[in-house]
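One file, my_file_35.cif, is given below (mmCIF, C-alpha atoms).
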data_run
#
loop_
_atom_site.label_atom_id
_atom_site.label_comp_id
_atom_site.auth_asym_id
_atom_site.auth_seq_id
_atom_site.Cartn_x
_atom_site.Cartn_y
_atom_site.Cartn_z
CA MET B 1 -11.07 -4.58 9.19
CA LYS B 2 -12.00 -7.62 11.30
CA HIS B 3 -8.46 -9.03 11.25
CA SER B 4 -4.99 -7.54 11.67
CA ILE B 5 -4.31 -8.29 8.02
CA GLN B 6 -6.43 -9.30 5.06
CA PHE B 7 -4.80 -12.02 2.95
CA ASP B 8 -6.02 -12.49 -0.62
CA HIS B 9 -4.66 -15.07 -3.08
CA VAL B 10 -6.48 -14.91 -6.41
CA ARG B 11 -6.37 -16.53 -9.82
CA LEU B 12 -8.52 -14.78 -12.41
CA LYS B 13 -8.80 -13.42 -15.93
CA PRO B 14 -7.02 -10.11 -16.60
CA SER B 15 -10.40 -8.44 -17.27
CA GLU B 16 -11.53 -9.39 -13.74
CA GLN B 17 -8.65 -7.54 -12.05
CA ILE B 18 -9.66 -4.52 -9.96
CA GLY B 19 -9.28 -1.27 -11.90
CA SER B 20 -7.77 1.95 -10.66
CA HIS B 21 -8.41 2.35 -6.95
CA GLN B 22 -7.08 3.64 -3.68
CA GLN B 23 -7.94 2.72 -0.14
CA PRO B 24 -7.17 3.92 3.39
CA THR B 25 -5.01 0.82 3.98
CA TRP B 26 -1.55 -0.38 2.97
CA GLU B 27 -1.28 -3.02 0.25
CA LEU B 28 1.62 -5.46 -0.23
CA SER B 29 1.25 -7.26 -3.56
CA LEU B 30 3.07 -10.12 -5.25
CA VAL B 31 2.42 -10.89 -8.92
CA ILE B 32 2.81 -14.66 -9.21
CA GLU B 33 1.67 -14.97 -12.82
CA GLY B 34 1.12 -12.24 -15.39
CA GLU B 35 2.71 -9.15 -16.86
CA GLY B 36 1.66 -5.75 -18.13
CA ILE B 37 1.74 -2.14 -16.99
CA ARG B 38 1.60 -1.07 -13.34
CA THR B 39 0.56 2.48 -12.44
CA ILE B 40 1.17 3.90 -8.99
CA ALA B 41 0.38 7.54 -8.25
CA GLY B 42 0.68 8.61 -11.86
CA VAL B 43 3.84 6.67 -12.77
CA SER B 44 3.39 3.77 -15.21
CA GLU B 45 5.99 1.05 -15.73
CA PRO B 46 6.08 -2.49 -17.08
CA PHE B 47 5.89 -5.33 -14.57
CA LYS B 48 6.23 -9.11 -14.77
CA SER B 49 5.81 -12.21 -12.63
CA GLY B 50 7.73 -12.09 -9.37
CA GLU B 51 7.24 -8.39 -8.72
CA VAL B 52 6.59 -7.35 -5.11
CA VAL B 53 5.22 -3.85 -4.43
CA LEU B 54 4.13 -1.98 -1.31
CA VAL B 55 1.46 0.70 -1.86
CA PRO B 56 0.82 3.23 0.93
CA PRO B 57 -2.67 4.34 2.00
CA GLU B 58 -4.65 6.70 -0.24
CA THR B 59 -2.30 6.14 -3.18
CA PRO B 60 -4.07 5.59 -6.53
CA HIS B 61 -2.83 2.43 -8.25
CA CYS B 62 -3.67 -0.36 -10.68
CA TRP B 63 -2.18 -3.23 -12.65
CA GLN B 64 -3.13 -3.66 -16.33
CA PHE B 65 -2.37 -7.22 -17.35
CA THR B 66 -1.47 -8.36 -20.84
CA ASP B 67 -3.96 -11.04 -21.86
CA ASN B 68 -1.34 -13.53 -23.09
CA ALA B 69 -2.15 -16.64 -21.10
CA GLY B 70 -5.71 -15.67 -20.19
CA LYS B 71 -5.13 -15.77 -16.43
CA ILE B 72 -3.31 -13.96 -13.68
CA GLU B 73 -2.38 -14.89 -10.14
CA ASN B 74 -1.42 -12.65 -7.28
CA ILE B 75 -1.22 -12.44 -3.52
CA THR B 76 -2.16 -9.25 -1.73
CA VAL B 77 -1.94 -8.47 1.97
CA ILE B 78 -3.92 -5.44 3.11
CA PHE B 79 -3.33 -3.85 6.51
CA ALA B 80 -4.43 -0.73 8.34
CA PRO B 81 -1.91 2.05 9.02
CA GLU B 82 -2.58 1.56 12.72
CA LEU B 83 -0.90 -1.86 12.57
CA LEU B 84 2.52 -0.26 12.11
CA HIS B 85 1.93 2.11 15.02
CA SER B 86 0.55 -0.65 17.28
CA VAL B 87 3.46 -3.01 16.63
CA ALA B 88 5.93 -0.14 17.13
CA ALA B 89 4.27 0.77 20.44
CA THR B 90 4.26 -2.85 21.62
CA PHE B 91 7.82 -3.68 20.57
CA PRO B 92 10.22 -0.79 21.25
CA ASP B 93 12.93 -2.59 19.23
CA LEU B 94 10.80 -2.03 16.11
CA GLN B 95 9.63 1.50 16.91
CA ILE B 96 12.10 3.48 14.79
CA LEU B 97 11.88 1.02 11.88
CA PHE B 98 8.09 0.95 11.73
CA GLU B 99 7.63 4.67 12.35
CA ASP B 100 9.93 5.43 9.41
CA LEU B 101 8.03 2.95 7.23
CA ALA B 102 4.72 4.53 8.27
CA LYS B 103 5.94 7.88 6.86
CA SER B 104 6.35 6.43 3.34
CA SER B 105 4.17 8.24 0.85
CA LYS B 106 5.29 6.56 -2.38
CA GLY B 107 4.98 3.04 -3.65
CA ILE B 108 7.99 0.77 -3.17
CA VAL B 109 9.15 -1.84 -5.68
CA PHE B 110 11.45 -4.42 -4.10
CA THR B 111 14.51 -5.87 -5.79
CA GLY B 112 17.34 -8.29 -5.07
CA ARG B 113 17.39 -10.41 -1.94
CA THR B 114 14.54 -8.44 -0.34
CA ARG B 115 12.23 -9.20 -3.26
CA GLN B 116 13.10 -12.90 -3.02
CA ARG B 117 12.54 -13.05 0.75
CA LEU B 118 9.19 -11.24 0.46
CA LEU B 119 8.11 -13.47 -2.46
CA GLU B 120 8.90 -16.62 -0.46
CA GLY B 121 7.16 -15.29 2.68
CA LEU B 122 4.01 -14.23 0.82
CA LYS B 123 3.75 -17.60 -0.92
CA GLN B 124 4.27 -19.37 2.41
CA MET B 125 1.28 -17.49 3.87
CA THR B 126 -1.06 -19.45 1.57
CA GLY B 127 -0.85 -22.54 3.80
CA LEU B 128 -0.96 -20.80 7.18
CA THR B 129 -3.66 -20.02 9.72
CA ASP B 130 -4.66 -16.39 10.33
CA ALA B 131 -2.53 -16.24 13.50
CA GLU B 132 0.51 -17.71 11.72
CA ARG B 133 0.07 -15.21 8.88
CA VAL B 134 0.17 -12.28 11.31
CA THR B 135 3.45 -13.37 12.90
CA LEU B 136 5.04 -14.02 9.50
CA PHE B 137 3.73 -10.70 8.23
CA ILE B 138 5.38 -8.79 11.09
CA HIS B 139 8.62 -10.50 10.08
CA LEU B 140 8.06 -9.41 6.45
CA LEU B 141 7.43 -5.83 7.60
CA THR B 142 10.77 -5.92 9.43
CA ILE B 143 12.48 -7.07 6.22
CA ILE B 144 10.79 -4.20 4.35
CA ALA B 145 11.75 -1.62 6.99
CA VAL B 146 15.48 -2.41 6.92
CA SER B 147 15.82 -3.10 3.19
CA ASN B 148 18.03 -1.16 0.81
CA ASP B 149 16.83 -3.35 -2.10
CA ARG B 150 13.98 -1.02 -3.00
CA ARG B 151 12.98 1.71 -5.37
CA GLU B 152 10.31 4.31 -4.69
CA ILE B 153 7.70 4.94 -7.34
CA GLY B 154 4.90 7.43 -7.71
CA LYS B 155 3.89 11.03 -7.51
CA GLN B 156 0.59 12.56 -6.53
CA ALA B 157 -1.73 12.25 -9.52
CA LYS B 158 -4.93 10.50 -10.56
CA VAL B 159 -4.57 7.07 -12.15
CA GLN B 160 -6.58 5.90 -15.13
CA CYS B 161 -6.56 2.19 -15.93
CA ASN B 162 -8.32 0.02 -18.43
CA THR B 163 -9.27 -3.27 -16.75
CA LYS B 164 -9.61 -5.08 -20.10
CA GLY B 165 -5.86 -5.72 -20.27
CA VAL B 166 -2.99 -4.53 -22.42
CA SER B 167 -2.50 -5.76 -25.98
#
structure tokens encoding of this file:
Amino acid sequence: MKHSIQFDHVRLKPSEQIGSHQQPTWELSLVIEGEGIRTIAGVSEPFKSGEVVLVPPETPHCWQFTDNAGKIENITVIFAPELLHSVAATFPDLQILFEDLAKSSKGIVFTGRTRQRLLEGLKQMTGLTDAERVTLFIHLLTIIAVSNDRREIGKQAKVQCNTKGVS
């Protein structure tokens, strides 16, 4: 990665969404528009607009969108596992929080006030410079690390997704 984080805000057709995949990086995703079935590490559940999910490295996952409105919109922030360790090493106040977060091996679906704060922060990133996004993102990671408004999802399994959408 050339940057500390990779910010991606997309609007596309459900059939253009990335299929089942996994990567060596973390992924924080906000579904702005769309609904369907989300699969993380072998566990499938319905999702809808406003969902915020954190997917750990090497975890198979995908979103199958229902083709109701013909378009979807989401924001995804991708970051290397080393970011958590680097921030923890630089800021001792965050060390325990970020080291615990780095140990997460399941996806996390956020609820309540945490979901709302993450949703607002991710949307705010759209109008920021790369440097401003990084500082806001560290704040969002702190919110994630201390949150009790979360539910773990996933088990180790292969994920199969149809990128054509759900009917």
How far is it from CA of Gln22 in chain B to CA of Leu97 in chain B, in Å with one decimal? 24.7 Å
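Each of B:Thr129, B:Gln6, B:Gln95, B:Gln23 was checked against Pro60 in chain B using only C-alpha atoms; the smallest atom-to-atom distance is that of B:Gln23.
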Residues within 12 Å of (17.8, -4.6, 4.6), counting all atoms listed in the file, listed as a ChimeraX atom specification: /B:97,110-115,117-118,140-150
Let me see the file: selected residues, C-alpha atoms, as a CSV table (one decimal), in the coordinates of the input.
chain,number,residue,atom,x,y,z
B,97,LEU,CA,11.9,1.0,11.9
B,110,PHE,CA,11.4,-4.4,-4.1
B,111,THR,CA,14.5,-5.9,-5.8
B,112,GLY,CA,17.3,-8.3,-5.1
B,113,ARG,CA,17.4,-10.4,-1.9
B,114,THR,CA,14.5,-8.4,-0.3
B,115,ARG,CA,12.2,-9.2,-3.3
B,117,ARG,CA,12.5,-13.0,0.8
B,118,LEU,CA,9.2,-11.2,0.5
B,140,LEU,CA,8.1,-9.4,6.4
B,141,LEU,CA,7.4,-5.8,7.6
B,142,THR,CA,10.8,-5.9,9.4
B,143,ILE,CA,12.5,-7.1,6.2
B,144,ILE,CA,10.8,-4.2,4.4
B,145,ALA,CA,11.8,-1.6,7.0
B,146,VAL,CA,15.5,-2.4,6.9
B,147,SER,CA,15.8,-3.1,3.2
B,148,ASN,CA,18.0,-1.2,0.8
B,149,ASP,CA,16.8,-3.4,-2.1
B,150,ARG,CA,14.0,-1.0,-3.0
Quick one: residues within 6 Å of Glu73 in chain B, all atoms listed in the file, excluding same-chain residues fewer than 2 positions away - as a list of chain:residue names? B:Val10, B:Arg11, B:Ile32, B:Glu33
Between B:Val134, B:Val53, B:Pro92, B:Leu84, which residue has the minimum interatomic distance to Arg151 in chain B, considering all atoms listed in the file? B:Val53
Which is closest to Leu54 in chain B among B:Ile78, B:Ala88, B:Ile37, B:Ile18, if we use all atoms listed in the file? B:Ile78
Given all atoms listed in the file as the counted atoms, nearest of B:Val109, B:Leu128, B:Ile72, B:Val31 to Gly50 in chain B: B:Val31
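The closest residue to Lys2 in chain B, picked from B:Glu120, B:Asp130, B:Glu45, B:Glu35 and counting all atoms listed in the file, is B:Asp130.
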Listed atoms of range 62-77 of chain B boxed along x, y and z, 4 Å each side, centre and edge lengths in Å, one decimal, as JSON:
{"center_x": -3.5, "center_y": -8.5, "center_z": -10.6, "size_x": 12.5, "size_y": 24.3, "size_z": 33.1}
Would you mind telling me which residue in B:Glu132, B:Glu82, B:Glu16, B:Glu58 lies nearest to Ser105 in chain B when using only C-alpha atoms? B:Glu58
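The coordinates place CA of Ile5 in chain B at 14.0 Å from CA of His85 in chain B.
Computed from the coordinates, the CA of Lys155 in chain B to CA of His21 in chain B distance equals 15.1 Å.
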Taking the file as shown, find all residues satisfying the PyMOL selection byres ((chain B and resi 24) around 9) and write them as a CSV table (one decimal) with C-alpha atoms, in the frame of the given file.
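Written file, part_4.csv:
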chain,number,residue,atom,x,y,z
B,22,GLN,CA,-7.1,3.6,-3.7
B,23,GLN,CA,-7.9,2.7,-0.1
B,25,THR,CA,-5.0,0.8,4.0
B,26,TRP,CA,-1.6,-0.4,3.0
B,56,PRO,CA,0.8,3.2,0.9
B,57,PRO,CA,-2.7,4.3,2.0
B,58,GLU,CA,-4.6,6.7,-0.2
B,59,THR,CA,-2.3,6.1,-3.2
B,80,ALA,CA,-4.4,-0.7,8.3
B,81,PRO,CA,-1.9,2.0,9.0
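Shown here are all protein and nucleic acid residues lying within 10 Å of (-3.0, -12.5, 1.4), with only C-alpha atoms considered: Ile5, Gln6, Phe7, Asp8, His9, Val10, Glu27, Leu28, Ser29, Leu30, Asn74, Ile75, Thr76, Val77, Ile78, Leu122, Lys123, Met125, Thr126, Asp130, Arg133 and Phe137 of chain B.
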